[in-house]
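Participant: What follows is protein00.cif; its format and atoms are mmCIF, C-alpha atoms and all ligand atoms.
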data_input
loop_
_atom_site.group_PDB
_atom_site.id
_atom_site.type_symbol
_atom_site.label_atom_id
_atom_site.label_comp_id
_atom_site.auth_asym_id
_atom_site.auth_seq_id
_atom_site.Cartn_x
_atom_site.Cartn_y
_atom_site.Cartn_z
ATOM 1 C CA MET A 1 20.120 8.961 26.185
ATOM 2 C CA THR A 2 20.294 9.845 29.873
ATOM 3 C CA THR A 3 18.625 7.689 32.502
ATOM 4 C CA THR A 4 16.127 10.467 33.120
ATOM 5 C CA ARG A 5 15.107 10.686 29.474
ATOM 6 C CA ARG A 6 14.912 6.914 29.170
ATOM 7 C CA ASP A 7 12.689 6.721 32.247
ATOM 8 C CA LEU A 8 10.493 9.459 30.893
ATOM 9 C CA LEU A 9 10.159 7.741 27.524
ATOM 10 C CA ALA A 10 9.308 4.461 29.251
ATOM 11 C CA THR A 11 6.577 6.264 31.196
ATOM 12 C CA VAL A 12 5.224 7.803 28.024
ATOM 13 C CA LEU A 13 5.196 4.484 26.183
ATOM 14 C CA THR A 14 3.487 2.752 29.098
ATOM 15 C CA ALA A 15 0.825 5.438 29.178
ATOM 16 C CA ALA A 16 0.358 5.188 25.417
ATOM 17 C CA GLY A 17 0.154 1.406 25.642
ATOM 18 C CA ALA A 18 -2.519 1.628 28.313
ATOM 19 C CA THR A 19 -4.596 3.910 26.097
ATOM 20 C CA VAL A 20 -4.228 1.545 23.151
ATOM 21 C CA THR A 21 -5.137 -1.495 25.246
ATOM 22 C CA ALA A 22 -8.293 0.231 26.411
ATOM 23 C CA SER A 23 -9.216 1.170 22.838
ATOM 24 C CA ARG A 24 -8.573 -2.352 21.557
ATOM 25 C CA SER A 25 -10.737 -4.009 24.166
ATOM 26 C CA ASP A 26 -13.591 -1.726 23.100
ATOM 27 C CA ALA A 27 -13.065 -2.437 19.431
ATOM 28 C CA GLU A 28 -12.429 -6.164 19.323
ATOM 29 C CA PRO A 29 -15.881 -7.611 20.115
ATOM 30 C CA ARG A 30 -17.446 -5.587 17.305
ATOM 31 C CA ASN A 31 -14.635 -6.318 14.903
ATOM 32 C CA HIS A 32 -14.251 -10.053 15.330
ATOM 33 C CA GLY A 33 -17.813 -10.860 16.445
ATOM 34 C CA GLU A 34 -19.275 -9.617 13.174
ATOM 35 C CA GLY A 35 -16.446 -10.839 10.980
ATOM 36 C CA GLY A 36 -16.251 -7.402 9.386
ATOM 37 C CA ASP A 37 -13.474 -5.684 7.477
ATOM 38 C CA HIS A 38 -10.657 -4.637 9.814
ATOM 39 C CA GLN A 39 -10.298 -1.412 7.847
ATOM 40 C CA GLU A 40 -13.622 -0.158 9.224
ATOM 41 C CA LEU A 41 -11.933 0.384 12.594
ATOM 42 C CA PRO A 42 -8.820 2.416 13.244
ATOM 43 C CA SER A 43 -5.774 0.210 12.891
ATOM 44 C CA ASP A 44 -3.706 -0.506 15.970
ATOM 45 C CA PRO A 45 -0.708 1.479 14.673
ATOM 46 C CA ALA A 46 -3.015 4.481 14.146
ATOM 47 C CA LEU A 47 -4.371 4.242 17.688
ATOM 48 C CA ARG A 48 -0.911 3.762 19.096
ATOM 49 C CA THR A 49 0.430 6.737 17.182
ATOM 50 C CA LYS A 50 -2.420 8.968 18.298
ATOM 51 C CA ALA A 51 -2.012 7.920 21.932
ATOM 52 C CA LEU A 52 1.745 8.434 21.826
ATOM 53 C CA GLU A 53 1.365 11.818 20.160
ATOM 54 C CA SER A 54 -1.174 12.950 22.775
ATOM 55 C CA VAL A 55 1.062 12.002 25.681
ATOM 56 C CA LEU A 56 4.188 13.516 24.133
ATOM 57 C CA VAL A 57 2.369 16.773 23.390
ATOM 58 C CA ALA A 58 0.795 16.862 26.863
ATOM 59 C CA ARG A 59 4.229 16.508 28.464
ATOM 60 C CA GLY A 60 5.699 19.182 26.240
ATOM 61 C CA LEU A 61 8.163 16.784 24.611
ATOM 62 C CA VAL A 62 7.028 17.464 21.067
ATOM 63 C CA ASP A 63 5.394 20.382 19.364
ATOM 64 C CA ARG A 64 2.216 19.543 17.444
ATOM 65 C CA ALA A 65 3.038 22.267 14.900
ATOM 66 C CA ALA A 66 6.404 20.595 14.261
ATOM 67 C CA LEU A 67 4.645 17.274 13.634
ATOM 68 C CA ASP A 68 2.261 18.981 11.205
ATOM 69 C CA THR A 69 5.249 20.484 9.385
ATOM 70 C CA LEU A 70 6.846 17.041 9.090
ATOM 71 C CA VAL A 71 3.677 15.558 7.604
ATOM 72 C CA GLU A 72 3.374 18.550 5.283
ATOM 73 C CA VAL A 73 6.914 18.005 3.996
ATOM 74 C CA TYR A 74 6.226 14.348 3.197
ATOM 75 C CA GLU A 75 2.868 15.159 1.608
ATOM 76 C CA HIS A 76 3.948 18.040 -0.600
ATOM 77 C CA GLU A 77 7.739 18.233 -0.891
ATOM 78 C CA ILE A 78 8.926 14.627 -0.817
ATOM 79 C CA GLY A 79 6.771 12.899 -3.346
ATOM 80 C CA PRO A 80 7.090 10.419 -6.161
ATOM 81 C CA ARG A 81 9.229 12.918 -8.129
ATOM 82 C CA ASN A 82 12.264 11.769 -6.107
ATOM 83 C CA GLY A 83 11.701 8.196 -7.218
ATOM 84 C CA ALA A 84 11.100 9.387 -10.769
ATOM 85 C CA GLN A 85 14.517 11.086 -10.768
ATOM 86 C CA VAL A 86 16.121 7.808 -9.731
ATOM 87 C CA VAL A 87 14.290 5.822 -12.420
ATOM 88 C CA ALA A 88 15.025 8.285 -15.215
ATOM 89 C CA HIS A 89 18.686 8.440 -14.242
ATOM 90 C CA ALA A 90 18.892 4.639 -14.349
ATOM 91 C CA TRP A 91 17.347 4.694 -17.828
ATOM 92 C CA VAL A 92 19.964 7.070 -19.241
ATOM 93 C CA ASP A 93 23.014 5.835 -17.324
ATOM 94 C CA ASP A 94 23.483 2.086 -17.513
ATOM 95 C CA ALA A 95 26.335 2.043 -14.992
ATOM 96 C CA TYR A 96 24.037 3.817 -12.507
ATOM 97 C CA ARG A 97 21.258 1.323 -13.312
ATOM 98 C CA ARG A 98 23.585 -1.556 -12.411
ATOM 99 C CA ARG A 99 24.621 0.134 -9.155
ATOM 100 C CA LEU A 100 20.957 0.766 -8.354
ATOM 101 C CA LEU A 101 20.052 -2.895 -8.813
ATOM 102 C CA ASP A 102 23.140 -4.030 -6.940
ATOM 103 C CA ASP A 103 22.727 -1.744 -3.902
ATOM 104 C CA GLY A 104 19.658 0.465 -4.011
ATOM 105 C CA THR A 105 20.398 2.235 -0.735
ATOM 106 C CA ALA A 106 23.863 3.358 -1.846
ATOM 107 C CA ALA A 107 22.699 4.302 -5.346
ATOM 108 C CA ILE A 108 19.841 6.553 -4.212
ATOM 109 C CA ARG A 109 22.242 8.185 -1.761
ATOM 110 C CA GLU A 110 24.339 9.221 -4.779
ATOM 111 C CA LEU A 111 21.375 11.364 -5.845
ATOM 112 C CA GLY A 112 20.871 12.710 -2.331
ATOM 113 C CA TYR A 113 17.975 10.473 -1.285
ATOM 114 C CA GLY A 114 17.608 8.127 1.655
ATOM 115 C CA GLY A 115 17.078 8.293 5.359
ATOM 116 C CA GLU A 116 13.754 7.849 7.062
ATOM 117 C CA GLU A 117 11.765 4.820 5.832
ATOM 118 C CA SER A 118 14.281 4.062 3.087
ATOM 119 C CA GLU A 119 17.328 2.903 5.049
ATOM 120 C CA HIS A 120 17.473 -0.437 3.229
ATOM 121 C CA LEU A 121 16.163 -0.137 -0.297
ATOM 122 C CA VAL A 122 15.977 -2.951 -2.818
ATOM 123 C CA VAL A 123 15.265 -2.040 -6.453
ATOM 124 C CA VAL A 124 13.625 -4.649 -8.667
ATOM 125 C CA GLU A 125 13.641 -4.252 -12.429
ATOM 126 C CA ASN A 126 10.791 -4.868 -14.822
ATOM 127 C CA THR A 127 11.763 -6.487 -18.106
ATOM 128 C CA ASP A 128 9.929 -7.975 -21.079
ATOM 129 C CA ARG A 129 9.804 -11.236 -19.122
ATOM 130 C CA VAL A 130 9.300 -10.159 -15.493
ATOM 131 C CA HIS A 131 6.882 -7.732 -13.860
ATOM 132 C CA ASN A 132 7.369 -6.746 -10.217
ATOM 133 C CA LEU A 133 4.673 -5.668 -7.776
ATOM 134 C CA VAL A 134 5.252 -4.211 -4.296
ATOM 135 C CA VAL A 135 2.974 -4.633 -1.305
ATOM 136 C CA CYS A 136 3.208 -4.580 2.474
ATOM 137 C CA THR A 137 0.991 -7.410 3.651
ATOM 138 C CA LEU A 138 1.446 -6.493 7.313
ATOM 139 C CA CYS A 139 0.791 -2.744 7.250
ATOM 140 C CA SER A 140 1.987 -0.060 4.846
ATOM 141 C CA CYS A 141 5.811 -0.102 4.650
ATOM 142 C CA TYR A 142 6.814 2.090 1.733
ATOM 143 C CA PRO A 143 9.941 3.940 0.489
ATOM 144 C CA TRP A 144 8.895 7.372 1.785
ATOM 145 C CA ALA A 145 12.089 9.132 0.753
ATOM 146 C CA LEU A 146 11.435 8.264 -2.885
ATOM 147 C CA LEU A 147 7.650 8.128 -3.170
ATOM 148 C CA GLY A 148 6.327 10.335 -0.357
ATOM 149 C CA LEU A 149 3.335 9.064 1.606
ATOM 150 C CA PRO A 150 1.655 5.838 0.462
ATOM 151 C CA PRO A 151 -1.705 6.076 -1.326
ATOM 152 C CA VAL A 152 -4.814 5.004 0.600
ATOM 153 C CA TRP A 153 -5.322 1.902 -1.544
ATOM 154 C CA TYR A 154 -1.792 0.690 -0.729
ATOM 155 C CA LYS A 155 -2.792 0.561 2.943
ATOM 156 C CA SER A 156 -6.155 -1.131 2.332
ATOM 157 C CA ALA A 157 -6.816 -4.684 3.508
ATOM 158 C CA ALA A 158 -8.062 -5.575 0.028
ATOM 159 C CA TYR A 159 -4.812 -4.618 -1.730
ATOM 160 C CA ARG A 160 -2.575 -6.068 0.978
ATOM 161 C CA SER A 161 -4.211 -9.471 0.847
ATOM 162 C CA ARG A 162 -5.123 -9.747 -2.833
ATOM 163 C CA ALA A 163 -1.800 -8.527 -4.218
ATOM 164 C CA VAL A 164 -0.293 -11.742 -2.911
ATOM 165 C CA ILE A 165 -3.166 -14.136 -3.628
ATOM 166 C CA ASP A 166 -4.153 -12.811 -7.063
ATOM 167 C CA PRO A 167 -1.585 -10.310 -8.349
ATOM 168 C CA ARG A 168 -2.734 -10.580 -11.978
ATOM 169 C CA GLY A 169 -6.325 -9.884 -10.920
ATOM 170 C CA VAL A 170 -5.217 -6.818 -8.946
ATOM 171 C CA LEU A 171 -3.133 -5.550 -11.859
ATOM 172 C CA LYS A 172 -6.107 -6.004 -14.178
ATOM 173 C CA GLU A 173 -8.189 -3.786 -11.887
ATOM 174 C CA PHE A 174 -5.483 -1.134 -12.199
ATOM 175 C CA GLY A 175 -5.838 -1.452 -15.972
ATOM 176 C CA LEU A 176 -2.745 -3.548 -16.554
ATOM 177 C CA GLU A 177 -3.319 -6.887 -18.270
ATOM 178 C CA LEU A 178 -0.115 -8.855 -18.513
ATOM 179 C CA PRO A 179 0.445 -11.617 -21.063
ATOM 180 C CA ALA A 180 0.570 -15.081 -19.494
ATOM 181 C CA ASP A 181 4.239 -15.517 -20.418
ATOM 182 C CA ILE A 182 5.315 -12.591 -18.216
ATOM 183 C CA GLU A 183 6.275 -13.731 -14.742
ATOM 184 C CA VAL A 184 4.776 -11.659 -11.910
ATOM 185 C CA ARG A 185 6.927 -11.297 -8.807
ATOM 186 C CA VAL A 186 5.384 -9.884 -5.630
ATOM 187 C CA TRP A 187 7.651 -8.246 -3.058
ATOM 188 C CA ASP A 188 6.463 -7.925 0.538
ATOM 189 C CA SER A 189 7.911 -4.821 2.197
ATOM 190 C CA THR A 190 8.865 -4.841 5.837
ATOM 191 C CA ALA A 191 10.098 -2.326 8.374
ATOM 192 C CA GLU A 192 13.631 -3.407 7.422
ATOM 193 C CA VAL A 193 13.419 -3.631 3.625
ATOM 194 C CA ARG A 194 11.566 -1.320 1.222
ATOM 195 C CA TYR A 195 11.196 -2.011 -2.490
ATOM 196 C CA LEU A 196 11.116 0.222 -5.548
ATOM 197 C CA VAL A 197 10.176 -1.029 -8.991
ATOM 198 C CA LEU A 198 12.404 0.121 -11.836
ATOM 199 C CA PRO A 199 9.840 0.201 -14.647
ATOM 200 C CA GLU A 200 10.681 -0.508 -18.265
ATOM 201 C CA ARG A 201 11.601 2.545 -20.281
ATOM 202 C CA PRO A 202 8.688 3.064 -22.681
ATOM 203 C CA ALA A 203 9.197 2.345 -26.345
ATOM 204 C CA GLY A 204 9.514 5.550 -28.338
ATOM 205 C CA ALA A 205 11.117 7.516 -25.502
ATOM 206 C CA GLY A 206 14.558 7.298 -27.084
ATOM 207 C CA LYS A 207 14.855 10.965 -27.973
ATOM 208 C CA LEU A 208 13.635 12.331 -24.658
ATOM 209 C CA SER A 209 15.972 14.087 -22.226
ATOM 210 C CA GLU A 210 16.414 12.841 -18.681
ATOM 211 C CA ALA A 211 14.167 15.660 -17.424
ATOM 212 C CA GLU A 212 11.460 14.690 -19.916
ATOM 213 C CA LEU A 213 11.750 11.054 -18.843
ATOM 214 C CA VAL A 214 11.298 12.077 -15.191
ATOM 215 C CA ALA A 215 7.938 13.583 -16.142
ATOM 216 C CA LEU A 216 6.772 10.237 -17.549
ATOM 217 C CA VAL A 217 7.423 8.181 -14.426
ATOM 218 C CA THR A 218 4.411 7.707 -12.174
ATOM 219 C CA ARG A 219 4.140 6.657 -8.551
ATOM 220 C CA ASP A 220 1.988 3.677 -9.568
ATOM 221 C CA ALA A 221 4.640 2.447 -11.996
ATOM 222 C CA MET A 222 7.227 2.489 -9.194
ATOM 223 C CA ILE A 223 4.887 0.389 -7.004
ATOM 224 C CA GLY A 224 4.315 -1.895 -9.976
ATOM 225 C CA VAL A 225 0.572 -1.485 -10.554
ATOM 226 C CA SER A 226 1.096 0.197 -13.906
ATOM 227 C CA ARG A 227 3.666 0.666 -16.644
ATOM 228 C CA VAL A 228 5.286 3.871 -17.806
ATOM 229 C CA THR A 229 3.925 4.977 -21.141
ATOM 230 C CA LEU A 230 4.393 8.076 -23.276
ATOM 231 C CA ALA A 231 0.709 8.849 -22.662
ATOM 232 C CA HIS A 232 1.508 9.587 -19.016
ATOM 233 C CA GLU A 233 3.320 12.711 -20.097
ATOM 234 C CA ALA A 234 0.102 14.703 -20.373
ATOM 235 C CA ARG A 235 -1.011 14.028 -16.801
ATOM 236 C CA ALA A 236 2.353 14.022 -15.037
HETATM 237 FE FE FE B 1 4.288 -2.263 6.689
#
For the structure just supplied, provide its representation as structure tokens.
Ligand code: FE

Facilitator:
Amino acid sequence: MTTTRRDLLATVLTAAGATVTASRSDAEPRNHGEGGDHQELPSDPALRTKALESVLVARGLVDRAALDTLVEVYEHEIGPRNGAQVVAHAWVDDAYRRRLLDDGTAAIRELGYGGEESEHLVVVENTDRVHNLVVCTLCSCYPWALLGLPPVWYKSAAYRSRAVIDPRGVLKEFGLELPADIEVRVWDSTAEVRYLVLPERPAGAGKLSEAELVALVTRDAMIGVSRVTLAHEARA
């Protein structure tokens, strides 16, 4: 980056920061004074992003249409089907499954996935003794390259706090009641590490092709709030 570009970026970030600071000072008395749910107000990252976008667009550094295209791609083209391909491949190829568990980032790269928001991926495997659940307690870190954009509930304060405090209760609300002898492990995503759950292959799926298995795998199963069942086939 040239000195000129660095200076310009610093100016932009300072301007964005000033906008965010002003917004926060407006919001905080209402938020903390009433002890309300933080989700009722725009989150700081959202404000910061909006401010940064406005300044970058105003200075002609980014094109709003290009940003819309990027969001569109993540919403409609990069979705949970990428993750489903990874899971189904691990189910049919045990050597791949072992590579996936050993080094998730390298293994998903074999299938052409990776990059933005999935630079360091850890895959955790569900078994008949262990069930894994993924959350981001701080914000909404998520393996975008495999699952697309995170669902609204994943970003909610309720899920982020309760998934850690009462994971079995949360799973029950998603319709998944786990026997007491199954250990529940909760994984807290960060900006550095993203997690993907490798669900258990459903019983009775033995004769299905890899493509048919892909159709069974749901986004929720790869976050860990549900299991993969043959019944999912109809609504995949
Ligand atoms: Fe996060």

Participant: Chain A near ligand FE 1 (chain B) within 6 Å: what's each residue's closest atom pair and its distance in Å to one decimal, counting all atoms listed in the file, ordered by chain then ascending residue number, as CSV?

Facilitator:
residue,atom,partner,partner_atom,distance
A:Cys136,CA,B:FE1,FE,4.9
A:Leu138,CA,B:FE1,FE,5.1
A:Cys139,CA,B:FE1,FE,3.6
A:Ser140,CA,B:FE1,FE,3.7
A:Cys141,CA,B:FE1,FE,3.3
A:Thr190,CA,B:FE1,FE,5.3

Participant: Env of A:Val86: 12 Å cut, atoms = all atoms listed in the file, seq-sep filter 5 positions within chain, self excluded. Answer as a ChimeraX atom specification.

Facilitator: /A:80-81,91-93,96-97,99-101,104-114,123,145-147,196-199,210-211,213-215,217-218,222

Participant: Could you please determine the separation between atom CA of A:Gln85 and atom CA of A:Pro179 in Å, to one decimal place?

Facilitator: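 So the answer is 28.6 Å.
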
Participant: Can you turn the PyMOL selection byres (((chain A and resi 170) around 12) and not hetatm) into a concrete residue list for this file, as JSON, numbers by chain?

Facilitator: {"A": [133, 134, 135, 153, 154, 158, 159, 160, 161, 162, 163, 164, 165, 166, 167, 168, 169, 171, 172, 173, 174, 175, 176, 177, 178, 184, 186, 224, 225, 226]}

Participant: Export C-alpha atoms of the chosen residues as an mmCIF file, in the frame of the given file?

Facilitator:
data_model
loop_
_atom_site.group_PDB
_atom_site.id
_atom_site.type_symbol
_atom_site.label_atom_id
_atom_site.label_comp_id
_atom_site.auth_asym_id
_atom_site.auth_seq_id
_atom_site.Cartn_x
_atom_site.Cartn_y
_atom_site.Cartn_z
ATOM 1 C CA LEU A 133 4.673 -5.668 -7.776
ATOM 2 C CA VAL A 134 5.252 -4.211 -4.296
ATOM 3 C CA VAL A 135 2.974 -4.633 -1.305
ATOM 4 C CA TRP A 153 -5.322 1.902 -1.544
ATOM 5 C CA TYR A 154 -1.792 0.690 -0.729
ATOM 6 C CA ALA A 158 -8.062 -5.575 0.028
ATOM 7 C CA TYR A 159 -4.812 -4.618 -1.730
ATOM 8 C CA ARG A 160 -2.575 -6.068 0.978
ATOM 9 C CA SER A 161 -4.211 -9.471 0.847
ATOM 10 C CA ARG A 162 -5.123 -9.747 -2.833
ATOM 11 C CA ALA A 163 -1.800 -8.527 -4.218
ATOM 12 C CA VAL A 164 -0.293 -11.742 -2.911
ATOM 13 C CA ILE A 165 -3.166 -14.136 -3.628
ATOM 14 C CA ASP A 166 -4.153 -12.811 -7.063
ATOM 15 C CA PRO A 167 -1.585 -10.310 -8.349
ATOM 16 C CA ARG A 168 -2.734 -10.580 -11.978
ATOM 17 C CA GLY A 169 -6.325 -9.884 -10.920
ATOM 18 C CA LEU A 171 -3.133 -5.550 -11.859
ATOM 19 C CA LYS A 172 -6.107 -6.004 -14.178
ATOM 20 C CA GLU A 173 -8.189 -3.786 -11.887
ATOM 21 C CA PHE A 174 -5.483 -1.134 -12.199
ATOM 22 C CA GLY A 175 -5.838 -1.452 -15.972
ATOM 23 C CA LEU A 176 -2.745 -3.548 -16.554
ATOM 24 C CA GLU A 177 -3.319 -6.887 -18.270
ATOM 25 C CA LEU A 178 -0.115 -8.855 -18.513
ATOM 26 C CA VAL A 184 4.776 -11.659 -11.910
ATOM 27 C CA VAL A 186 5.384 -9.884 -5.630
ATOM 28 C CA GLY A 224 4.315 -1.895 -9.976
ATOM 29 C CA VAL A 225 0.572 -1.485 -10.554
ATOM 30 C CA SER A 226 1.096 0.197 -13.906
#

Participant: Edge lengths and centre in Å to one decimal, as AutoDock Vina command-line options, of the axis-aligned box that encloses all listed atoms of stretch 58-69 of chain A with 3 Å added on every side?

Facilitator:
--center_x 4.5 --center_y 19.4 --center_z 18.9 --size_x 13.4 --size_y 11.8 --size_z 25.1

Participant: Which residue, A:Asp188, A:Glu116, A:Glu72, A:Asp128, has the smallest gap to A:Arg201 when you use all atoms listed in the file?

Facilitator: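 Of the candidates, the smallest distance to A:Arg201 is held by A:Asp128.
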
Participant: How many Å separate atom CA of A:Asp103 from atom CA of A:Leu121?

Facilitator: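 Distance between the two atoms: 7.7 Å.
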
Participant: I need the output of the PyMOL selection byres (((chain A and resi 192) around 10) and not hetatm) for this file as a ChimeraX atom specification; which residues are they?

Facilitator: /A:117-121,141,189-191,193-194

Participant: With all atoms listed in the file as the basis for distance, which of A:Gly60, A:Gly115, A:Leu230, A:Ala95 is at the shortest distance from A:Gly206?

Facilitator: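 Nearest to A:Gly206: A:Leu230.
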
Participant: With all atoms listed in the file as the basis for distance, which of A:Leu67, A:Trp144, A:Lys207, A:Glu212 is at the shortest distance from A:Thr49?

Facilitator: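 Comparing A:Leu67, A:Trp144, A:Lys207, A:Glu212 against A:Thr49, the winner is A:Leu67.
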
Participant: Quick check, in Å to one decimal: how far apart do atom CA of A:Thr127 and atom CA of A:Val152 lie?

Facilitator: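 About the pair atom CA of A:Thr127 and atom CA of A:Val152: they are 27.5 Å apart.
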
Participant: Need the shell around A:Arg129: protein/DNA/RNA residues with any atom at most 9 Å away, counting only C-alpha atoms. Skip same-chain ones fewer than 6 positions apart. Format as a list in words?

Facilitator: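 My list of contacting residues is Asp181, Ile182, Glu183 and Val184 of chain A.
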
Participant: Contacts of A:Gly148 at 9 Å or less, counting all atoms listed in the file, minus same-chain residues fewer than 3 places along, as JSON, numbers by chain?

Facilitator: {"A": [73, 74, 75, 76, 77, 78, 79, 80, 81, 82, 83, 142, 143, 144, 145]}

Participant: My structure is short of atoms at stretch 140-164 of chain A; please model N, CA and C atoms there, returning them as a PDB file, keeping the file's coordinate frame.

Facilitator:
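So the final result, stored in result.pdb, reads:
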ATOM      1  N   SER A 140       1.892  -0.965   5.992  1.00  0.00           N
ATOM      2  CA  SER A 140       1.987  -0.060   4.846  1.00  0.00           C
ATOM      3  C   SER A 140       3.425   0.397   4.603  1.00  0.00           C
ATOM      4  N   CYS A 141       4.401  -0.482   4.847  1.00  0.00           N
ATOM      5  CA  CYS A 141       5.811  -0.102   4.650  1.00  0.00           C
ATOM      6  C   CYS A 141       6.027   0.322   3.195  1.00  0.00           C
ATOM      7  N   TYR A 142       6.794   1.380   3.013  1.00  0.00           N
ATOM      8  CA  TYR A 142       6.814   2.090   1.733  1.00  0.00           C
ATOM      9  C   TYR A 142       8.071   2.943   1.687  1.00  0.00           C
ATOM     10  N   PRO A 143       8.718   3.108   0.541  1.00  0.00           N
ATOM     11  CA  PRO A 143       9.941   3.940   0.489  1.00  0.00           C
ATOM     12  C   PRO A 143       9.618   5.436   0.477  1.00  0.00           C
ATOM     13  N   TRP A 144       9.352   5.977   1.656  1.00  0.00           N
ATOM     14  CA  TRP A 144       8.895   7.372   1.785  1.00  0.00           C
ATOM     15  C   TRP A 144       9.838   8.359   1.116  1.00  0.00           C
ATOM     16  N   ALA A 145      11.126   8.147   1.266  1.00  0.00           N
ATOM     17  CA  ALA A 145      12.089   9.132   0.753  1.00  0.00           C
ATOM     18  C   ALA A 145      12.009   9.277  -0.762  1.00  0.00           C
ATOM     19  N   LEU A 146      11.510   8.230  -1.430  1.00  0.00           N
ATOM     20  CA  LEU A 146      11.435   8.264  -2.885  1.00  0.00           C
ATOM     21  C   LEU A 146      10.027   8.527  -3.401  1.00  0.00           C
ATOM     22  N   LEU A 147       9.024   8.051  -2.655  1.00  0.00           N
ATOM     23  CA  LEU A 147       7.650   8.128  -3.170  1.00  0.00           C
ATOM     24  C   LEU A 147       6.723   8.983  -2.322  1.00  0.00           C
ATOM     25  N   GLY A 148       7.208   9.553  -1.225  1.00  0.00           N
ATOM     26  CA  GLY A 148       6.327  10.335  -0.357  1.00  0.00           C
ATOM     27  C   GLY A 148       5.447   9.420   0.476  1.00  0.00           C
ATOM     28  N   LEU A 149       4.240   9.871   0.782  1.00  0.00           N
ATOM     29  CA  LEU A 149       3.335   9.064   1.606  1.00  0.00           C
ATOM     30  C   LEU A 149       2.605   8.049   0.728  1.00  0.00           C
ATOM     31  N   PRO A 150       2.332   6.855   1.275  1.00  0.00           N
ATOM     32  CA  PRO A 150       1.655   5.838   0.462  1.00  0.00           C
ATOM     33  C   PRO A 150       0.206   6.213   0.167  1.00  0.00           C
ATOM     34  N   PRO A 151      -0.291   5.823  -1.014  1.00  0.00           N
ATOM     35  CA  PRO A 151      -1.705   6.076  -1.326  1.00  0.00           C
ATOM     36  C   PRO A 151      -2.618   5.237  -0.428  1.00  0.00           C
ATOM     37  N   VAL A 152      -3.860   5.684  -0.293  1.00  0.00           N
ATOM     38  CA  VAL A 152      -4.814   5.004   0.600  1.00  0.00           C
ATOM     39  C   VAL A 152      -4.989   3.542   0.197  1.00  0.00           C
ATOM     40  N   TRP A 153      -5.079   3.280  -1.112  1.00  0.00           N
ATOM     41  CA  TRP A 153      -5.322   1.902  -1.544  1.00  0.00           C
ATOM     42  C   TRP A 153      -4.170   0.981  -1.158  1.00  0.00           C
ATOM     43  N   TYR A 154      -2.951   1.519  -1.086  1.00  0.00           N
ATOM     44  CA  TYR A 154      -1.792   0.690  -0.729  1.00  0.00           C
ATOM     45  C   TYR A 154      -1.935   0.161   0.697  1.00  0.00           C
ATOM     46  N   LYS A 155      -2.625   0.947   1.531  1.00  0.00           N
ATOM     47  CA  LYS A 155      -2.792   0.561   2.943  1.00  0.00           C
ATOM     48  C   LYS A 155      -4.049  -0.271   3.170  1.00  0.00           C
ATOM     49  N   SER A 156      -4.877  -0.438   2.148  1.00  0.00           N
ATOM     50  CA  SER A 156      -6.155  -1.131   2.332  1.00  0.00           C
ATOM     51  C   SER A 156      -5.950  -2.634   2.511  1.00  0.00           C
ATOM     52  N   ALA A 157      -6.876  -3.229   3.280  1.00  0.00           N
ATOM     53  CA  ALA A 157      -6.816  -4.684   3.508  1.00  0.00           C
ATOM     54  C   ALA A 157      -6.972  -5.432   2.187  1.00  0.00           C
ATOM     55  N   ALA A 158      -7.805  -4.895   1.307  1.00  0.00           N
ATOM     56  CA  ALA A 158      -8.062  -5.575   0.028  1.00  0.00           C
ATOM     57  C   ALA A 158      -6.776  -5.678  -0.788  1.00  0.00           C
ATOM     58  N   TYR A 159      -6.061  -4.580  -0.943  1.00  0.00           N
ATOM     59  CA  TYR A 159      -4.812  -4.618  -1.730  1.00  0.00           C
ATOM     60  C   TYR A 159      -3.777  -5.502  -1.056  1.00  0.00           C
ATOM     61  N   ARG A 160      -3.627  -5.339   0.258  1.00  0.00           N
ATOM     62  CA  ARG A 160      -2.575  -6.068   0.978  1.00  0.00           C
ATOM     63  C   ARG A 160      -2.762  -7.574   0.894  1.00  0.00           C
ATOM     64  N   SER A 161      -3.998  -8.026   0.906  1.00  0.00           N
ATOM     65  CA  SER A 161      -4.211  -9.471   0.847  1.00  0.00           C
ATOM     66  C   SER A 161      -4.247  -9.967  -0.601  1.00  0.00           C
ATOM     67  N   ARG A 162      -4.927  -9.239  -1.473  1.00  0.00           N
ATOM     68  CA  ARG A 162      -5.123  -9.747  -2.833  1.00  0.00           C
ATOM     69  C   ARG A 162      -3.888  -9.618  -3.713  1.00  0.00           C
ATOM     70  N   ALA A 163      -3.016  -8.674  -3.403  1.00  0.00           N
ATOM     71  CA  ALA A 163      -1.800  -8.527  -4.218  1.00  0.00           C
ATOM     72  C   ALA A 163      -0.957  -9.796  -4.169  1.00  0.00           C
ATOM     73  N   VAL A 164      -1.054 -10.506  -3.069  1.00  0.00           N
ATOM     74  CA  VAL A 164      -0.293 -11.742  -2.911  1.00  0.00           C
ATOM     75  C   VAL A 164      -1.055 -12.931  -3.491  1.00  0.00           C
TER      76      VAL A 164
END
